[in-house]
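This is upload00.json. It holds JSON, C-alpha atoms.
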```json
[["chain", "number", "residue", "atom", "x", "y", "z"],
["A", 134, "MET", "CA", -1.95, -20.40, -23.53],
["A", 135, "LYS", "CA", 1.63, -21.65, -23.56],
["A", 136, "LYS", "CA", 3.62, -19.65, -21.04],
["A", 137, "LEU", "CA", 3.26, -17.98, -17.63],
["A", 138, "ILE", "CA", 5.82, -15.43, -16.45],
["A", 139, "LEU", "CA", 5.91, -14.32, -12.81],
["A", 140, "ALA", "CA", 7.23, -10.91, -11.83],
["A", 141, "THR", "CA", 9.85, -10.68, -9.10],
["A", 142, "PRO", "CA", 9.66, -8.83, -6.77],
["A", 143, "ARG", "CA", 5.96, -9.23, -6.03],
["A", 144, "GLY", "CA", 3.74, -9.65, -2.99],
["A", 145, "PHE", "CA", 4.45, -8.70, 0.61],
["A", 146, "CYS", "CA", 6.66, -5.69, 1.26],
["A", 147, "ALA", "CA", 8.57, -5.25, 4.51],
["A", 148, "GLY", "CA", 5.89, -2.98, 5.98],
["A", 149, "VAL", "CA", 3.09, -5.47, 5.35],
["A", 150, "ASP", "CA", 5.21, -8.37, 6.56],
["A", 151, "ARG", "CA", 5.97, -6.46, 9.77],
["A", 152, "ALA", "CA", 2.31, -5.53, 10.34],
["A", 153, "ILE", "CA", 1.12, -9.12, 10.05],
["A", 154, "HIS", "CA", 3.91, -10.32, 12.33],
["A", 155, "VAL", "CA", 2.90, -7.68, 14.90],
["A", 156, "VAL", "CA", -0.59, -9.21, 15.03],
["A", 157, "GLU", "CA", 0.68, -12.80, 15.14],
["A", 158, "LYS", "CA", 3.23, -12.05, 17.88],
["A", 159, "ALA", "CA", 0.59, -10.16, 19.87],
["A", 160, "LEU", "CA", -1.66, -13.22, 19.72],
["A", 161, "GLU", "CA", 1.20, -15.38, 21.00],
["A", 162, "LYS", "CA", 2.10, -13.01, 23.83],
["A", 163, "PHE", "CA", -1.29, -11.77, 25.01],
["A", 164, "GLY", "CA", -3.72, -14.35, 23.62],
["A", 165, "PRO", "CA", -7.03, -13.58, 21.94],
["A", 166, "PRO", "CA", -8.92, -11.41, 21.57],
["A", 167, "ILE", "CA", -6.58, -8.89, 20.00],
["A", 168, "TYR", "CA", -8.19, -5.78, 18.55],
["A", 169, "VAL", "CA", -7.05, -4.17, 15.29],
["A", 170, "ARG", "CA", -8.30, -0.78, 14.15],
["A", 171, "HIS", "CA", -9.27, -1.10, 10.48],
["A", 172, "GLU", "CA", -7.86, -3.75, 8.16],
["A", 173, "ILE", "CA", -4.27, -4.50, 9.19],
["A", 174, "VAL", "CA", -3.48, -4.53, 5.45],
["A", 175, "HIS", "CA", -5.78, -4.29, 2.44],
["A", 176, "ASN", "CA", -6.33, -7.98, 1.79],
["A", 177, "LYS", "CA", -9.45, -10.00, 2.66],
["A", 178, "PHE", "CA", -7.59, -13.33, 2.83],
["A", 179, "VAL", "CA", -5.13, -11.94, 5.38],
["A", 180, "VAL", "CA", -7.90, -10.32, 7.43],
["A", 181, "ASP", "CA", -10.08, -13.45, 7.40],
["A", 182, "THR", "CA", -7.13, -15.66, 8.38],
["A", 183, "LEU", "CA", -6.39, -13.44, 11.39],
["A", 184, "LYS", "CA", -10.07, -13.37, 12.38],
["A", 185, "GLU", "CA", -9.98, -17.16, 12.63],
["A", 186, "LYS", "CA", -7.09, -16.84, 15.08],
["A", 187, "GLY", "CA", -8.99, -14.52, 17.40],
["A", 188, "VAL", "CA", -8.41, -11.04, 16.01],
["A", 189, "LEU", "CA", -11.31, -8.59, 16.18],
["A", 190, "PHE", "CA", -11.26, -5.78, 13.62],
["A", 191, "VAL", "CA", -12.97, -2.54, 14.62],
["A", 192, "ASP", "CA", -13.66, 0.75, 12.89],
["A", 193, "GLU", "CA", -13.11, 3.03, 15.86],
["A", 194, "ILE", "CA", -11.21, 3.04, 19.13],
["A", 195, "ASP", "CA", -14.37, 3.33, 21.26],
["A", 196, "GLU", "CA", -15.29, -0.20, 20.14],
["A", 197, "VAL", "CA", -12.27, -1.57, 22.03],
["A", 198, "PRO", "CA", -12.89, -2.47, 25.71],
["A", 199, "GLU", "CA", -10.84, -0.39, 28.13],
["A", 200, "GLY", "CA", -7.48, -1.89, 29.02],
["A", 201, "SER", "CA", -7.32, -4.14, 25.93],
["A", 202, "VAL", "CA", -4.52, -4.58, 23.42],
["A", 203, "VAL", "CA", -5.12, -2.66, 20.18],
["A", 204, "ILE", "CA", -3.03, -2.65, 17.03],
["A", 205, "PHE", "CA", -2.95, 0.18, 14.50],
["A", 206, "SER", "CA", -2.81, -0.85, 10.85],
["A", 207, "ALA", "CA", 0.14, -0.54, 8.47],
["A", 208, "HIS", "CA", -1.40, 2.57, 6.89],
["A", 209, "GLY", "CA", -0.79, 4.84, 9.88],
["A", 210, "VAL", "CA", -3.34, 6.76, 11.93],
["A", 211, "ALA", "CA", -4.19, 10.36, 12.78],
["A", 212, "GLU", "CA", -2.66, 11.92, 15.89],
["A", 213, "HIS", "CA", -5.94, 12.00, 17.81],
["A", 214, "ILE", "CA", -6.24, 8.20, 17.57],
["A", 215, "TYR", "CA", -3.20, 7.81, 19.84],
["A", 216, "ALA", "CA", -4.78, 10.21, 22.34],
["A", 217, "ASP", "CA", -8.12, 8.37, 22.17],
["A", 218, "ALA", "CA", -6.35, 5.07, 22.86],
["A", 219, "GLU", "CA", -4.48, 6.53, 25.82],
["A", 220, "ALA", "CA", -7.73, 7.90, 27.26],
["A", 221, "ARG", "CA", -9.19, 4.38, 27.17],
["A", 222, "HIS", "CA", -6.06, 2.93, 28.81],
["A", 223, "LEU", "CA", -5.39, 0.70, 25.81],
["A", 224, "GLN", "CA", -2.08, -1.02, 25.22],
["A", 225, "VAL", "CA", -1.13, 0.18, 21.74],
["A", 226, "LEU", "CA", 1.02, -1.82, 19.35],
["A", 227, "ASP", "CA", 1.72, 0.35, 16.35],
["A", 228, "ALA", "CA", 2.00, -1.61, 13.09],
["A", 229, "SER", "CA", 2.28, 1.57, 11.00],
["A", 230, "CYS", "CA", 4.80, 1.13, 8.20],
["A", 231, "PRO", "CA", 8.01, 3.00, 9.08],
["A", 232, "LEU", "CA", 7.99, 4.55, 5.60],
["A", 233, "VAL", "CA", 4.52, 5.97, 6.22],
["A", 234, "LEU", "CA", 5.68, 7.33, 9.58],
["A", 235, "LYS", "CA", 8.57, 8.99, 7.75],
["A", 236, "VAL", "CA", 5.99, 10.94, 5.71],
["A", 237, "HIS", "CA", 4.25, 11.96, 8.95],
["A", 238, "TYR", "CA", 7.56, 13.25, 10.33],
["A", 239, "SER", "CA", 8.17, 15.23, 7.14],
["A", 240, "ALA", "CA", 4.73, 16.82, 7.40],
["A", 241, "LYS", "CA", 5.37, 17.90, 10.99],
["A", 242, "ARG", "CA", 8.83, 19.19, 10.14],
["A", 243, "HIS", "CA", 7.50, 21.37, 7.32],
["A", 244, "TYR", "CA", 4.63, 22.61, 9.49],
["A", 245, "ASN", "CA", 6.98, 23.56, 12.33],
["A", 246, "ALA", "CA", 9.10, 25.44, 9.79],
["A", 247, "GLY", "CA", 6.06, 27.51, 8.84],
["A", 248, "ARG", "CA", 5.35, 25.88, 5.49],
["A", 249, "HIS", "CA", 1.98, 25.00, 3.99],
["A", 250, "ILE", "CA", 1.96, 21.38, 2.81],
["A", 251, "ILE", "CA", 0.54, 19.89, -0.38],
["A", 252, "LEU", "CA", -0.14, 16.16, -0.14],
["A", 253, "ILE", "CA", -0.32, 14.15, -3.36],
["A", 254, "GLY", "CA", -2.63, 11.21, -2.75],
["A", 255, "HIS", "CA", -6.06, 9.62, -3.04],
["A", 256, "ALA", "CA", -8.83, 11.08, -0.88],
["A", 257, "GLY", "CA", -10.29, 8.55, 1.54],
["A", 258, "HIS", "CA", -7.38, 6.11, 1.40],
["A", 259, "ALA", "CA", -6.43, 5.00, 4.92],
["A", 260, "GLU", "CA", -2.85, 6.23, 4.55],
["A", 261, "VAL", "CA", -3.96, 9.67, 3.35],
["A", 262, "VAL", "CA", -6.49, 9.99, 6.18],
["A", 263, "GLY", "CA", -3.73, 9.23, 8.66],
["A", 264, "THR", "CA", -1.32, 11.73, 7.11],
["A", 265, "LEU", "CA", -3.91, 14.51, 7.00],
["A", 266, "GLY", "CA", -4.61, 13.80, 10.67],
["A", 267, "GLN", "CA", -1.05, 14.58, 11.74],
["A", 268, "LEU", "CA", -1.66, 18.34, 11.68],
["A", 269, "PRO", "CA", -4.44, 20.84, 12.38],
["A", 270, "GLU", "CA", -7.16, 21.11, 9.76],
["A", 271, "GLY", "CA", -6.11, 23.36, 6.90],
["A", 272, "ALA", "CA", -2.38, 22.78, 7.32],
["A", 273, "ILE", "CA", -2.33, 20.25, 4.46],
["A", 274, "THR", "CA", -3.98, 20.57, 1.05],
["A", 275, "LEU", "CA", -4.72, 17.29, -0.75],
["A", 276, "ILE", "CA", -4.36, 16.99, -4.52],
["A", 277, "ARG", "CA", -4.64, 13.92, -6.75],
["A", 278, "ASN", "CA", -3.45, 14.83, -10.26],
["A", 279, "GLU", "CA", -1.98, 17.45, -12.59],
["A", 280, "ALA", "CA", -5.37, 19.09, -13.06],
["A", 281, "ASP", "CA", -5.54, 19.68, -9.32],
["A", 282, "VAL", "CA", -2.14, 21.39, -9.45],
["A", 283, "ALA", "CA", -3.52, 24.01, -11.84],
["A", 284, "ALA", "CA", -6.59, 24.61, -9.68],
["A", 285, "VAL", "CA", -5.18, 24.33, -6.17],
["A", 286, "LYS", "CA", -5.37, 27.37, -3.89],
["A", 287, "VAL", "CA", -2.73, 27.85, -1.23],
["A", 288, "PRO", "CA", -2.30, 30.50, 1.47],
["A", 289, "GLU", "CA", -0.63, 33.65, 0.19],
["A", 290, "GLY", "CA", 2.81, 34.48, 1.51],
["A", 291, "LYS", "CA", 3.45, 30.97, 2.88],
["A", 292, "ASP", "CA", 6.40, 28.83, 1.90],
["A", 293, "LEU", "CA", 5.32, 25.53, 0.37],
["A", 294, "ALA", "CA", 6.37, 21.89, 0.64],
["A", 295, "TYR", "CA", 4.94, 18.69, -0.80],
["A", 296, "ILE", "CA", 4.69, 15.12, 0.45],
["A", 297, "THR", "CA", 3.11, 12.06, -1.15],
["A", 298, "GLN", "CA", 1.21, 8.89, -0.43],
["A", 299, "THR", "CA", 3.68, 6.01, -0.57],
["A", 300, "THR", "CA", 1.78, 3.76, -2.99],
["A", 301, "LEU", "CA", 1.19, 5.94, -6.05],
["A", 302, "SER", "CA", 2.20, 5.49, -9.67],
["A", 303, "VAL", "CA", 5.89, 6.36, -10.05],
["A", 304, "ALA", "CA", 5.42, 7.94, -13.48],
["A", 305, "GLU", "CA", 2.27, 9.86, -12.58],
["A", 306, "THR", "CA", 3.77, 11.17, -9.35],
["A", 307, "ARG", "CA", 6.80, 12.44, -11.26],
["A", 308, "LYS", "CA", 4.52, 14.42, -13.59],
["A", 309, "ILE", "CA", 2.53, 15.90, -10.70],
["A", 310, "ILE", "CA", 5.72, 16.97, -8.93],
["A", 311, "GLU", "CA", 7.00, 18.58, -12.14],
["A", 312, "ALA", "CA", 3.71, 20.47, -12.45],
["A", 313, "LEU", "CA", 3.97, 21.64, -8.83],
["A", 314, "LYS", "CA", 7.52, 22.89, -9.36],
["A", 315, "SER", "CA", 6.47, 24.65, -12.55],
["A", 316, "ARG", "CA", 3.64, 26.51, -10.81],
["A", 317, "PHE", "CA", 5.44, 27.00, -7.48],
["A", 318, "PRO", "CA", 9.19, 27.24, -8.27],
["A", 319, "ASN", "CA", 10.18, 27.55, -4.60],
["A", 320, "ILE", "CA", 8.23, 24.52, -3.36],
["A", 321, "ILE", "CA", 10.39, 21.89, -1.68],
["A", 322, "GLY", "CA", 10.07, 18.12, -1.35],
["A", 323, "PRO", "CA", 11.74, 14.85, -2.38],
["A", 324, "ASP", "CA", 12.45, 14.67, -6.12],
["A", 325, "ALA", "CA", 10.66, 11.34, -6.55],
["A", 326, "GLY", "CA", 8.09, 11.91, -3.83],
["A", 327, "ASP", "CA", 7.75, 9.66, -0.80],
["A", 328, "LEU", "CA", 6.97, 6.50, -2.76],
["A", 329, "CYS", "CA", 8.18, 3.43, -0.90],
["A", 330, "TYR", "CA", 10.84, 1.14, -2.31],
["A", 331, "ALA", "CA", 8.30, -1.69, -2.78],
["A", 332, "THR", "CA", 5.95, 0.46, -4.84],
["A", 333, "GLY", "CA", 8.74, 1.41, -7.23],
["A", 334, "ASN", "CA", 10.21, -2.09, -7.38],
["A", 335, "ARG", "CA", 6.90, -3.79, -8.16],
["A", 336, "GLN", "CA", 6.00, -1.23, -10.81],
["A", 337, "SER", "CA", 9.43, -1.58, -12.40],
["A", 338, "ALA", "CA", 9.11, -5.39, -12.45],
["A", 339, "VAL", "CA", 5.63, -5.23, -13.99],
["A", 340, "LEU", "CA", 6.80, -2.72, -16.59],
["A", 341, "GLU", "CA", 9.51, -5.14, -17.70],
["A", 342, "LEU", "CA", 7.08, -8.05, -17.57],
["A", 343, "CYS", "CA", 4.65, -6.27, -19.89],
["A", 344, "ALA", "CA", 7.23, -6.32, -22.69],
["A", 345, "HIS", "CA", 7.01, -10.14, -22.77],
["A", 346, "VAL", "CA", 3.31, -10.95, -22.26],
["A", 347, "ASP", "CA", -0.09, -10.68, -23.94],
["A", 348, "MET", "CA", -2.04, -10.27, -20.73],
["A", 349, "LEU", "CA", -1.31, -9.23, -17.13],
["A", 350, "LEU", "CA", -2.89, -10.64, -13.98],
["A", 351, "VAL", "CA", -2.36, -8.83, -10.67],
["A", 352, "VAL", "CA", -3.37, -10.53, -7.42],
["A", 353, "GLY", "CA", -4.54, -7.91, -4.96],
["A", 354, "ALA", "CA", -7.55, -6.32, -3.29],
["A", 355, "LYS", "CA", -9.67, -3.75, -5.12],
["A", 356, "ASN", "CA", -9.07, -1.28, -2.27],
["A", 357, "SER", "CA", -5.30, -1.80, -2.42],
["A", 358, "SER", "CA", -3.76, 1.31, -3.97],
["A", 359, "ASN", "CA", -0.47, -0.29, -4.96],
["A", 360, "SER", "CA", -2.23, -3.30, -6.52],
["A", 361, "SER", "CA", -4.48, -1.06, -8.59],
["A", 362, "ARG", "CA", -1.44, 0.87, -9.84],
["A", 363, "LEU", "CA", 0.13, -2.38, -11.10],
["A", 364, "MET", "CA", -2.99, -3.29, -13.06],
["A", 365, "GLU", "CA", -3.23, 0.24, -14.49],
["A", 366, "LEU", "CA", 0.40, 0.04, -15.54],
["A", 367, "GLY", "CA", -0.43, -2.98, -17.68],
["A", 368, "LEU", "CA", -3.33, -1.14, -19.29],
["A", 369, "GLU", "CA", -1.06, 1.82, -20.01],
["A", 370, "GLN", "CA", 1.28, -0.57, -21.83],
["A", 371, "GLY", "CA", -1.60, -1.58, -24.08],
["A", 372, "ILE", "CA", -2.17, -5.12, -22.80],
["A", 373, "LYS", "CA", -5.25, -6.71, -21.26],
["A", 374, "SER", "CA", -4.91, -6.46, -17.49],
["A", 375, "HIS", "CA", -7.02, -7.79, -14.62],
["A", 376, "LEU", "CA", -6.92, -7.18, -10.87],
["A", 377, "ILE", "CA", -8.11, -10.29, -9.03],
["A", 378, "ASP", "CA", -8.62, -11.10, -5.36],
["A", 379, "ASP", "CA", -7.76, -14.75, -5.90],
["A", 380, "VAL", "CA", -8.22, -17.73, -8.23],
["A", 381, "ASN", "CA", -12.01, -17.49, -7.95],
["A", 382, "ASP", "CA", -12.01, -14.27, -9.98],
["A", 383, "LEU", "CA", -10.41, -15.90, -13.04],
["A", 384, "ASP", "CA", -12.55, -16.08, -16.17],
["A", 385, "PRO", "CA", -11.57, -18.78, -18.72],
["A", 386, "ALA", "CA", -12.76, -16.49, -21.52],
["A", 387, "TRP", "CA", -9.89, -14.10, -20.74],
["A", 388, "PHE", "CA", -7.36, -16.61, -22.06],
["A", 389, "GLU", "CA", -8.80, -17.12, -25.52],
["A", 390, "GLY", "CA", -6.16, -16.19, -28.11],
["A", 391, "ILE", "CA", -3.57, -15.51, -25.38],
["A", 392, "ASP", "CA", -0.14, -17.15, -25.63],
["A", 393, "THR", "CA", 1.78, -15.62, -22.70],
["A", 394, "VAL", "CA", 0.42, -14.34, -19.38],
["A", 395, "GLY", "CA", 2.26, -12.22, -16.82],
["A", 396, "LEU", "CA", 1.48, -12.58, -13.11],
["A", 397, "SER", "CA", 2.29, -10.22, -10.26],
["A", 398, "SER", "CA", 0.78, -9.30, -6.90],
["A", 399, "GLY", "CA", 0.37, -6.23, -4.75],
["A", 400, "ALA", "CA", 2.36, -5.55, -1.61],
["A", 401, "SER", "CA", -0.45, -6.80, 0.65],
["A", 402, "ALA", "CA", -1.21, -10.02, -1.27],
["A", 403, "PRO", "CA", 0.19, -13.26, 0.20],
["A", 404, "GLU", "CA", 2.13, -15.61, -2.05],
["A", 405, "VAL", "CA", -0.32, -18.46, -1.37],
["A", 406, "LEU", "CA", -2.90, -16.62, -3.50],
["A", 407, "VAL", "CA", -0.39, -16.23, -6.34],
["A", 408, "GLN", "CA", 0.42, -19.93, -6.22],
["A", 409, "GLY", "CA", -3.29, -20.71, -6.32],
["A", 410, "VAL", "CA", -3.47, -18.89, -9.65],
["A", 411, "VAL", "CA", -0.38, -20.72, -10.90],
["A", 412, "GLU", "CA", -1.93, -24.11, -10.05],
["A", 413, "TRP", "CA", -5.24, -23.17, -11.70],
["A", 414, "LEU", "CA", -3.44, -22.19, -14.89],
["A", 415, "LYS", "CA", -1.36, -25.39, -14.87],
["A", 416, "GLY", "CA", -4.54, -27.41, -14.56],
["A", 417, "LYS", "CA", -6.27, -25.45, -17.30],
["A", 418, "PHE", "CA", -3.31, -25.53, -19.70],
["A", 419, "PRO", "CA", -1.37, -28.83, -19.48],
["A", 420, "GLY", "CA", 2.32, -28.47, -20.28],
["A", 421, "LEU", "CA", 2.29, -24.77, -19.34],
["A", 422, "GLU", "CA", 5.80, -23.31, -19.17],
["A", 423, "VAL", "CA", 6.35, -21.26, -15.99],
["A", 424, "GLU", "CA", 9.17, -18.73, -15.76],
["A", 425, "ASN", "CA", 10.33, -16.25, -13.12],
["A", 426, "LEU", "CA", 11.38, -12.84, -14.42],
["A", 427, "VAL", "CA", 13.62, -11.46, -11.67],
["A", 428, "LYS", "CA", 14.08, -7.69, -11.78],
["A", 429, "LEU", "CA", 15.76, -7.59, -8.36],
["A", 430, "VAL", "CA", 15.73, -9.31, -4.99],
["A", 431, "GLU", "CA", 14.52, -7.37, -1.96],
["A", 432, "ASN", "CA", 16.02, -7.84, 1.51],
["A", 433, "THR", "CA", 14.47, -4.96, 3.47],
["A", 434, "LYS", "CA", 13.30, -5.85, 6.99],
["A", 435, "PHE", "CA", 11.66, -3.72, 9.67],
["A", 436, "ASN", "CA", 11.92, -4.44, 13.41],
["A", 437, "LEU", "CA", 8.89, -5.31, 15.50],
["A", 438, "PRO", "CA", 7.76, -2.92, 18.28],
["A", 439, "LYS", "CA", 9.92, -3.28, 21.40],
["A", 440, "ALA", "CA", 7.00, -4.77, 23.35],
["A", 441, "LEU", "CA", 7.03, -7.77, 20.98],
["A", 442, "GLN", "CA", 10.76, -8.27, 20.61],
["A", 443, "ASP", "CA", 12.01, -11.43, 22.33]]
```
Kindly return the structure encoded in the file as structure tokens.
Amino acid sequence: MKKLILATPRGFCAGVDRAIHVVEKALEKFGPPIYVRHEIVHNKFVVDTLKEKGVLFVDEIDEVPEGSVVIFSAHGVAEHIYADAEARHLQVLDASCPLVLKVHYSAKRHYNAGRHIILIGHAGHAEVVGTLGQLPEGAITLIRNEADVAAVKVPEGKDLAYITQTTLSVAETRKIIEALKSRFPNIIGPDAGDLCYATGNRQSAVLELCAHVDMLLVVGAKNSSNSSRLMELGLEQGIKSHLIDDVNDLDPAWFEGIDTVGLSSGASAPEVLVQGVVEWLKGKFPGLEVENLVKLVENTKFNLPKALQD
């Protein structure tokens, strides 16, 4: 192996950065323990680091002692979770990504206008669970792909709208939306779906990266939707691609016959894990040339909740 090319942008998006800062600021202001419902973001390193600082991660609100501080993850939560927290007199700090909340607002707007909603997303993903939980059961129909578009059943006589998970494949989402519009010509929704800026930017950077490399490495958790999409994008471009949690997942056999490797990371993967891979590769391949391929520079920032603003 002779060359390593890093994709830019990569790693933390503004929503993830905000969510982690919410937890860190809460620790400063209130002291441990701080409770977080579900993983704050989909990354084991981040979660384990926060645990060491006194954060307790729980699956459900009833695990949080009454009157405690609880933080909701970046993925957003169902409406009833807010009510459950209020009933237990919990102080809620909402770390939901503002772009996910925007999807929730769209769902409620369409529902109040009398429309049935089709949600494009992955069943069981935390963000999708939260979006489905914004409205009464049956108000939203979940689909995943073009095949689902052909088979989906919707209420007769109802106007239709669509919304999307924010971390899907840009190209695949476009095809699904086209299929929806073909079958339901009067359906309304955003032309490119509700994909967040970071999802599109990272996919665009990886797509360009793939034109210059023999293999793609993506640092990110297996349960991270946006990280998985980056790895799949590499496979679609016909190059060997691997999704790794960190340097410990690297297999020396992968690099046999490889001249140039591309490296990116999902929106919930910290840069320290990327640099760990870079250092491993430098040690394995002395004289390795390292280059940054800059597609664009992001400067999006989201404000912290008012309770944590100095």
Exercise for the section: Identify, on the basis of all atoms listed in the file, every residue whose closest approach to segment 330-346 of chain A does not exceed 8 Å; exclude the query and any residue fewer than 2 positions from it along the same chain; express the result as a PyMOL selection string. Expected result: chain A and resi 138-143+146+299-303+328+348-349+359+362-363+366-367+370+372+392-395+397+399-400+426-429
Take the residues that were just selected and, keeping C-alpha atoms, output them as a PDB file, keeping the file's coordinate frame.
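Saved to selection.pdb:
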```
ATOM      1  CA  ILE A 138       5.820 -15.430 -16.450  1.00  0.00           C
ATOM      2  CA  LEU A 139       5.910 -14.320 -12.810  1.00  0.00           C
ATOM      3  CA  ALA A 140       7.230 -10.910 -11.830  1.00  0.00           C
ATOM      4  CA  THR A 141       9.850 -10.680  -9.100  1.00  0.00           C
ATOM      5  CA  PRO A 142       9.660  -8.830  -6.770  1.00  0.00           C
ATOM      6  CA  ARG A 143       5.960  -9.230  -6.030  1.00  0.00           C
ATOM      7  CA  CYS A 146       6.660  -5.690   1.260  1.00  0.00           C
ATOM      8  CA  THR A 299       3.680   6.010  -0.570  1.00  0.00           C
ATOM      9  CA  THR A 300       1.780   3.760  -2.990  1.00  0.00           C
ATOM     10  CA  LEU A 301       1.190   5.940  -6.050  1.00  0.00           C
ATOM     11  CA  SER A 302       2.200   5.490  -9.670  1.00  0.00           C
ATOM     12  CA  VAL A 303       5.890   6.360 -10.050  1.00  0.00           C
ATOM     13  CA  LEU A 328       6.970   6.500  -2.760  1.00  0.00           C
ATOM     14  CA  MET A 348      -2.040 -10.270 -20.730  1.00  0.00           C
ATOM     15  CA  LEU A 349      -1.310  -9.230 -17.130  1.00  0.00           C
ATOM     16  CA  ASN A 359      -0.470  -0.290  -4.960  1.00  0.00           C
ATOM     17  CA  ARG A 362      -1.440   0.870  -9.840  1.00  0.00           C
ATOM     18  CA  LEU A 363       0.130  -2.380 -11.100  1.00  0.00           C
ATOM     19  CA  LEU A 366       0.400   0.040 -15.540  1.00  0.00           C
ATOM     20  CA  GLY A 367      -0.430  -2.980 -17.680  1.00  0.00           C
ATOM     21  CA  GLN A 370       1.280  -0.570 -21.830  1.00  0.00           C
ATOM     22  CA  ILE A 372      -2.170  -5.120 -22.800  1.00  0.00           C
ATOM     23  CA  ASP A 392      -0.140 -17.150 -25.630  1.00  0.00           C
ATOM     24  CA  THR A 393       1.780 -15.620 -22.700  1.00  0.00           C
ATOM     25  CA  VAL A 394       0.420 -14.340 -19.380  1.00  0.00           C
ATOM     26  CA  GLY A 395       2.260 -12.220 -16.820  1.00  0.00           C
ATOM     27  CA  SER A 397       2.290 -10.220 -10.260  1.00  0.00           C
ATOM     28  CA  GLY A 399       0.370  -6.230  -4.750  1.00  0.00           C
ATOM     29  CA  ALA A 400       2.360  -5.550  -1.610  1.00  0.00           C
ATOM     30  CA  LEU A 426      11.380 -12.840 -14.420  1.00  0.00           C
ATOM     31  CA  VAL A 427      13.620 -11.460 -11.670  1.00  0.00           C
ATOM     32  CA  LYS A 428      14.080  -7.690 -11.780  1.00  0.00           C
ATOM     33  CA  LEU A 429      15.760  -7.590  -8.360  1.00  0.00           C
TER      34      LEU A 429
END
```
Problem - Best match for closeness to Ser358 of chain A among A:Gly187, A:Pro231, A:Gly254, A:Gly148, counting only C-alpha atoms - result: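 With only C-alpha atoms as the atom set, the closest residue is A:Gly254.
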Exercise for the section: Write out as a list in words which residues come within 7 Å of segment 275-290 of chain A when counting all atoms listed in the file, dropping same-chain ones fewer than 4 positions away. Expected result: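 Final neighbour list, sorted by chain and number: Ile251, Leu252, Ile253, Gly254, His255, Ile309, Ala312 and Leu313 of chain A.
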Problem - Contact residues around Ile320 of chain A with all atoms listed in the file at 8 Å, ignoring same-chain residues under 6 positions, as a PyMOL selection string - result: chain A and resi 292-295+313-314
Please produce a file of the residues just selected, as a PDB file, keeping the file's coordinate frame, where the atoms kept are C-alpha atoms.
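Output below, filename again-v1.pdb:
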```
ATOM      1  CA  ASP A 292       6.400  28.830   1.900  1.00  0.00           C
ATOM      2  CA  LEU A 293       5.320  25.530   0.370  1.00  0.00           C
ATOM      3  CA  ALA A 294       6.370  21.890   0.640  1.00  0.00           C
ATOM      4  CA  TYR A 295       4.940  18.690  -0.800  1.00  0.00           C
ATOM      5  CA  LEU A 313       3.970  21.640  -8.830  1.00  0.00           C
ATOM      6  CA  LYS A 314       7.520  22.890  -9.360  1.00  0.00           C
TER       7      LYS A 314
END
```
Problem - Exercise: residues within 10 Å of coordinate (0.6, -14.5, -2.6), counting only C-alpha atoms, as a ChimeraX atom specification - result: /A:143-145,178,352-353,379,397-410
Keeping only C-alpha atoms, take the residues you just selected and write them out as an mmCIF file, in the frame of the given file.
```cif
data_model
loop_
_atom_site.group_PDB
_atom_site.id
_atom_site.type_symbol
_atom_site.label_atom_id
_atom_site.label_comp_id
_atom_site.auth_asym_id
_atom_site.auth_seq_id
_atom_site.Cartn_x
_atom_site.Cartn_y
_atom_site.Cartn_z
ATOM 1 C CA ARG A 143 5.960 -9.230 -6.030
ATOM 2 C CA GLY A 144 3.740 -9.650 -2.990
ATOM 3 C CA PHE A 145 4.450 -8.700 0.610
ATOM 4 C CA PHE A 178 -7.590 -13.330 2.830
ATOM 5 C CA VAL A 352 -3.370 -10.530 -7.420
ATOM 6 C CA GLY A 353 -4.540 -7.910 -4.960
ATOM 7 C CA ASP A 379 -7.760 -14.750 -5.900
ATOM 8 C CA SER A 397 2.290 -10.220 -10.260
ATOM 9 C CA SER A 398 0.780 -9.300 -6.900
ATOM 10 C CA GLY A 399 0.370 -6.230 -4.750
ATOM 11 C CA ALA A 400 2.360 -5.550 -1.610
ATOM 12 C CA SER A 401 -0.450 -6.800 0.650
ATOM 13 C CA ALA A 402 -1.210 -10.020 -1.270
ATOM 14 C CA PRO A 403 0.190 -13.260 0.200
ATOM 15 C CA GLU A 404 2.130 -15.610 -2.050
ATOM 16 C CA VAL A 405 -0.320 -18.460 -1.370
ATOM 17 C CA LEU A 406 -2.900 -16.620 -3.500
ATOM 18 C CA VAL A 407 -0.390 -16.230 -6.340
ATOM 19 C CA GLN A 408 0.420 -19.930 -6.220
ATOM 20 C CA GLY A 409 -3.290 -20.710 -6.320
ATOM 21 C CA VAL A 410 -3.470 -18.890 -9.650
#
```
Problem - Top pick for closest residue to Glu157 of chain A, considering A:Ile377, A:Val197, A:Leu226, A:Leu265 and counting only C-alpha atoms - result: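 Nearest candidate to Glu157 of chain A out of A:Ile377, A:Val197, A:Leu226, A:Leu265: A:Leu226.
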Exercise for the section: Just give me the gap between atom CA of Leu223 of chain A and atom CA of Val203 of chain A in Å, one decimal is fine. Expected result: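 For atom CA of Leu223 of chain A relative to atom CA of Val203 of chain A, the distance reads 6.6 Å.
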Completion exercise
Using all atoms listed in the file, the residue out of A:Gln267, A:Ser315, A:Ser229, A:Asn432 with shortest distance to Val174 of chain A is A:Ser229
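Closest to Lys136 of chain A among A:Lys415, A:His213, A:Lys439, A:Lys158 is A:Lys415, based on all atoms listed in the file.
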Handout entry: Top pick for closest residue to Asp378 of chain A, considering A:Ile321, A:Val179, A:Ile214, A:Val225 and counting only C-alpha atoms
Key =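 Nearest to Asp378 of chain A: A:Val179.
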Practice task
Taking the point (3.3, -25.2, -20.8) as given in the file, collect each protein or nucleic acid residue that comes within 6 Å of it, counting only C-alpha atoms, and present the set as a PyMOL selection string.
Solution key: chain A and resi 135-136+420-422
Keeping only C-alpha atoms, write the selected residues to a file as an mmCIF file, keeping the file's coordinate frame.
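again-v1.cif, written as the output of this step:
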```cif
data_model
loop_
_atom_site.group_PDB
_atom_site.id
_atom_site.type_symbol
_atom_site.label_atom_id
_atom_site.label_comp_id
_atom_site.auth_asym_id
_atom_site.auth_seq_id
_atom_site.Cartn_x
_atom_site.Cartn_y
_atom_site.Cartn_z
ATOM 1 C CA LYS A 135 1.630 -21.650 -23.560
ATOM 2 C CA LYS A 136 3.620 -19.650 -21.040
ATOM 3 C CA GLY A 420 2.320 -28.470 -20.280
ATOM 4 C CA LEU A 421 2.290 -24.770 -19.340
ATOM 5 C CA GLU A 422 5.800 -23.310 -19.170
#
```
